[in-house]
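Chemist: My file is run-v7.cif. It has mmCIF, C-alpha atoms:
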```cif
data_query
loop_
_atom_site.label_atom_id
_atom_site.label_comp_id
_atom_site.auth_asym_id
_atom_site.auth_seq_id
_atom_site.Cartn_x
_atom_site.Cartn_y
_atom_site.Cartn_z
CA MET A 1 51.34 -40.54 -63.61
CA LYS A 2 54.75 -39.27 -62.55
CA ILE A 3 57.91 -41.29 -62.85
CA SER A 4 61.02 -39.94 -61.19
CA ALA A 5 64.75 -40.55 -61.25
CA LYS A 6 67.44 -38.94 -59.19
CA ALA A 7 71.22 -38.63 -59.35
CA SER A 8 73.06 -37.20 -56.37
CA PHE A 9 76.54 -35.85 -55.72
CA ILE A 10 77.47 -35.47 -59.39
CA PRO A 11 80.96 -33.92 -59.57
CA VAL A 12 79.94 -31.23 -62.06
CA SER A 13 79.03 -27.64 -61.36
CA PRO A 14 75.24 -27.05 -61.26
CA ARG A 15 75.66 -24.10 -63.60
CA LYS A 16 77.10 -26.36 -66.30
CA LEU A 17 74.21 -28.80 -65.92
CA ARG A 18 71.58 -26.05 -66.09
CA LEU A 19 72.90 -25.00 -69.49
CA ILE A 20 72.03 -28.48 -70.75
CA THR A 21 68.65 -28.82 -69.06
CA ASP A 22 67.22 -25.70 -70.66
CA ALA A 23 67.58 -27.38 -74.05
CA VAL A 24 65.56 -30.50 -73.14
CA LYS A 25 62.78 -29.30 -70.83
CA ASN A 26 59.22 -30.10 -71.98
CA LEU A 27 60.39 -32.37 -74.80
CA SER A 28 59.39 -35.93 -75.55
CA ILE A 29 61.88 -38.62 -74.56
CA ASP A 30 62.99 -39.34 -78.13
CA MET A 31 63.55 -35.67 -78.90
CA ALA A 32 65.43 -35.10 -75.62
CA ILE A 33 67.76 -38.05 -76.22
CA ALA A 34 68.45 -36.90 -79.78
CA GLN A 35 69.11 -33.36 -78.56
CA LEU A 36 71.50 -34.53 -75.83
CA LYS A 37 73.50 -36.70 -78.20
CA LEU A 38 74.12 -33.71 -80.48
CA LEU A 39 75.12 -31.21 -77.80
CA PRO A 40 78.89 -30.64 -77.55
CA LYS A 41 78.87 -30.51 -73.74
CA ALA A 42 80.28 -33.24 -71.52
CA ALA A 43 77.50 -32.77 -68.97
CA GLY A 44 74.99 -33.95 -71.59
CA SER A 45 75.98 -37.56 -70.96
CA ILE A 46 75.07 -37.19 -67.27
CA ILE A 47 71.58 -35.89 -68.07
CA LEU A 48 71.23 -38.62 -70.70
CA LYS A 49 71.94 -41.32 -68.11
CA VAL A 50 69.32 -39.88 -65.75
CA ILE A 51 66.74 -39.84 -68.56
CA GLN A 52 67.56 -43.45 -69.45
CA GLN A 53 67.22 -44.38 -65.77
CA ALA A 54 63.76 -42.78 -65.61
CA VAL A 55 62.69 -44.55 -68.82
CA ALA A 56 63.83 -47.87 -67.35
CA ASN A 57 61.80 -47.11 -64.20
CA ALA A 58 58.74 -46.44 -66.35
CA LYS A 59 59.18 -49.67 -68.31
CA ASN A 60 59.89 -51.98 -65.40
CA ASN A 61 57.73 -50.52 -62.65
CA PHE A 62 54.74 -49.10 -64.52
CA LYS A 63 54.79 -51.00 -67.87
CA LEU A 64 54.81 -47.77 -69.90
CA SER A 65 56.42 -47.35 -73.29
CA PRO A 66 58.93 -44.52 -73.83
CA ALA A 67 56.81 -43.14 -76.68
CA ASP A 68 54.10 -42.18 -74.16
CA LEU A 69 56.41 -40.17 -71.91
CA LYS A 70 57.60 -36.58 -71.81
CA ILE A 71 59.85 -34.63 -69.47
CA GLU A 72 57.72 -32.77 -66.96
CA SER A 73 60.39 -31.27 -64.75
CA LEU A 74 64.14 -31.37 -64.61
CA VAL A 75 65.59 -29.74 -61.51
CA ILE A 76 69.27 -29.18 -60.88
CA GLY A 77 70.09 -28.59 -57.24
CA GLU A 78 73.33 -27.61 -55.64
CA GLY A 79 75.14 -30.28 -53.67
CA PRO A 80 77.83 -29.88 -51.04
CA ARG A 81 81.07 -28.13 -51.90
CA SER A 82 84.44 -29.45 -50.90
CA LYS A 83 87.30 -27.06 -50.38
CA ARG A 84 90.66 -27.61 -52.00
CA SER A 85 93.64 -25.49 -51.14
CA ASP A 86 95.83 -24.02 -53.83
CA ARG A 87 99.39 -23.88 -52.56
CA HIS A 88 100.44 -20.77 -54.43
CA ALA A 89 100.71 -17.24 -53.13
CA HIS A 90 97.38 -15.47 -53.64
CA GLY A 91 97.43 -12.85 -50.93
CA SER A 92 94.36 -12.35 -48.79
CA ARG A 93 92.01 -11.69 -51.68
CA PHE A 94 89.46 -14.17 -53.10
CA GLY A 95 89.63 -16.65 -50.26
CA GLY A 96 93.39 -16.95 -50.06
CA GLY A 97 93.80 -19.79 -52.53
CA VAL A 98 90.79 -21.91 -51.58
CA ARG A 99 88.98 -23.52 -54.49
CA HIS A 100 85.49 -24.94 -54.21
CA LYS A 101 84.76 -28.23 -55.93
CA ARG A 102 81.04 -28.10 -56.61
CA THR A 103 78.62 -31.00 -56.85
CA ALA A 104 75.06 -31.18 -58.12
CA HIS A 105 71.86 -33.14 -57.64
CA VAL A 106 69.57 -33.93 -60.59
CA ILE A 107 65.87 -34.69 -60.10
CA LEU A 108 63.90 -35.70 -63.18
CA GLN A 109 60.15 -36.29 -63.40
CA LEU A 110 58.47 -37.82 -66.41
CA SER A 111 54.76 -37.80 -67.11
CA THR A 112 52.56 -39.44 -69.69
CA LYS A 113 51.78 -37.36 -72.76
CA ASN A 114 48.02 -37.69 -72.54
CA GLY A 115 48.03 -36.74 -68.85
CA THR A 116 46.15 -39.78 -67.55
CA LYS A 117 46.69 -40.60 -63.92
CA SER A 118 46.47 -44.09 -62.51
#
```
Taking this structure as input, can you express it in the form of structure tokens?
Modeler:
Amino acid sequence: MKISAKASFIPVSPRKLRLITDAVKNLSIDMAIAQLKLLPKAAGSIILKVIQQAVANAKNNFKLSPADLKIESLVIGEGPRSKRSDRHAHGSRFGGGVRHKRTAHVILQLSTKNGTKS
């Protein structure tokens, strides 16, 4: 059984989120939460909230306990970029003072540890 949770338009660069997700892929929920609380990255709290959202979905919608769940896939996608102008002289190189504010989408899928499907 697959349980999913999604967070869209997160104002963090996808590259920063991918650094965090590599540490928690294919872990049990308890291990992933413990790992995220110890990481010194600010983006860890965002991934932690998505995991807690998916666990709440499993409890309320499917009556599953968190001990029976593991992270099956954790995908970080790139969201839209907004352009911000930098009002200093930059010449014509590197976009002429345009900065891109990046956003990300997080898609998390949990599965049961024993692999039973209902």
Chemist: Write out as an mmCIF file with C-alpha atoms, in the coordinates of the input which residues come within 10 Å of A:Arg15 when counting only C-alpha atoms, dropping same-chain ones fewer than 2 positions away.
Modeler:
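For reference, part.cif as written:
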```cif
data_model
loop_
_atom_site.group_PDB
_atom_site.id
_atom_site.type_symbol
_atom_site.label_atom_id
_atom_site.label_comp_id
_atom_site.auth_asym_id
_atom_site.auth_seq_id
_atom_site.Cartn_x
_atom_site.Cartn_y
_atom_site.Cartn_z
ATOM 1 C CA VAL A 12 79.940 -31.230 -62.060
ATOM 2 C CA SER A 13 79.030 -27.640 -61.360
ATOM 3 C CA LEU A 17 74.210 -28.800 -65.920
ATOM 4 C CA ARG A 18 71.580 -26.050 -66.090
ATOM 5 C CA LEU A 19 72.900 -25.000 -69.490
ATOM 6 C CA ILE A 20 72.030 -28.480 -70.750
ATOM 7 C CA ILE A 76 69.270 -29.180 -60.880
ATOM 8 C CA GLY A 77 70.090 -28.590 -57.240
ATOM 9 C CA GLU A 78 73.330 -27.610 -55.640
ATOM 10 C CA ARG A 102 81.040 -28.100 -56.610
ATOM 11 C CA ALA A 104 75.060 -31.180 -58.120
#
```
Chemist: Tell me, as a VMD selection string, which residues lie within 9 Å of A:Asn26, counting only C-alpha atoms; anything in the same chain fewer than 3 positions away does not count.
Modeler: chain A and resid 32 70 to 74
Chemist: When the PyMOL selection byres ((chain A and resi 50) around 8) is applied to the file above, which residues end up in the set, as a ChimeraX atom specification?
Modeler: /A:5-7,46-49,51-54,106,108
Chemist: Rounded to one decimal place, report the atom CA of A:Ser4-atom CA of A:Lys101 distance in Å.
Modeler: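 Atom CA of A:Ser4 sits 27.0 Å away from atom CA of A:Lys101.
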Chemist: Within 12 Å of A:Ala67, counting all atoms listed in the file, which residues show up once you throw out same-chain ones fewer than 4 positions away? Write them as a list in words, please.
Modeler: Leu27, Ser28, Ile29, Asp30, Met31, Ala32, Val55, Ala58, Lys59, Lys63, Ile71, Leu110, Ser111, Thr112, Lys113 and Asn114 of chain A
Chemist: Which of these, A:Arg81, A:Ser65, A:Val75, A:Met1, has the shortest distance to A:Thr21 once you count only C-alpha atoms?
Modeler: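 Distance minimum relative to A:Thr21 lands on A:Val75.
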Chemist: Please indicate the distance in Å from atom CA of A:Asp68 to atom CA of A:Gln109, rounded to one decimal place.
Modeler: 13.7 Å
Chemist: Find the residues around A:Gly97 up to 7 Å (only C-alpha atoms counted), leave out those fewer than 6 positions away in its own chain, and share them as a PyMOL selection string.
Modeler: chain A and resi 85-88+90
Chemist: Between A:Ile3, A:Ala34, A:Leu39, A:Val98, which has the minimum distance to A:Leu64 (counting only C-alpha atoms)?
Modeler: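 Result for the nearest residue to A:Leu64: A:Ile3.
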Chemist: Here is a test: counting all atoms listed in the file, which residue of A:Ile33, A:Lys2, A:Ala23, A:Pro11 is nearest to A:Ser82?
Modeler: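 Comparing A:Ile33, A:Lys2, A:Ala23, A:Pro11 against A:Ser82, the winner is A:Pro11.
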Chemist: Quote the spacing between atom CA of A:Asn61 and atom CA of A:Lys37 in Å to one decimal place.
Modeler: 26.1 Å
Chemist: For A:Ser45, which residue out of A:Arg84, A:His100, A:Ile10, A:Ile107 is the nearest one, using all atoms listed in the file?
Modeler: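 Among the listed residues, A:Ile10 lies closest to A:Ser45.
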Chemist: When you look at A:Phe9 with a cut-off of 8 Å (counting only C-alpha atoms), what residues show up, excluding the ones that are within fewer than 3 positions of it in the same chain? I need them as number ranges by chain.
Modeler: A: 79-80, 103-105
Chemist: Using all atoms listed in the file, which of the listed residues (A:Ala89, A:Val24, A:Ala56, A:Leu69) sits closest to A:Leu38?
Modeler: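 Using all atoms listed in the file, the shortest distance to A:Leu38 belongs to A:Val24.
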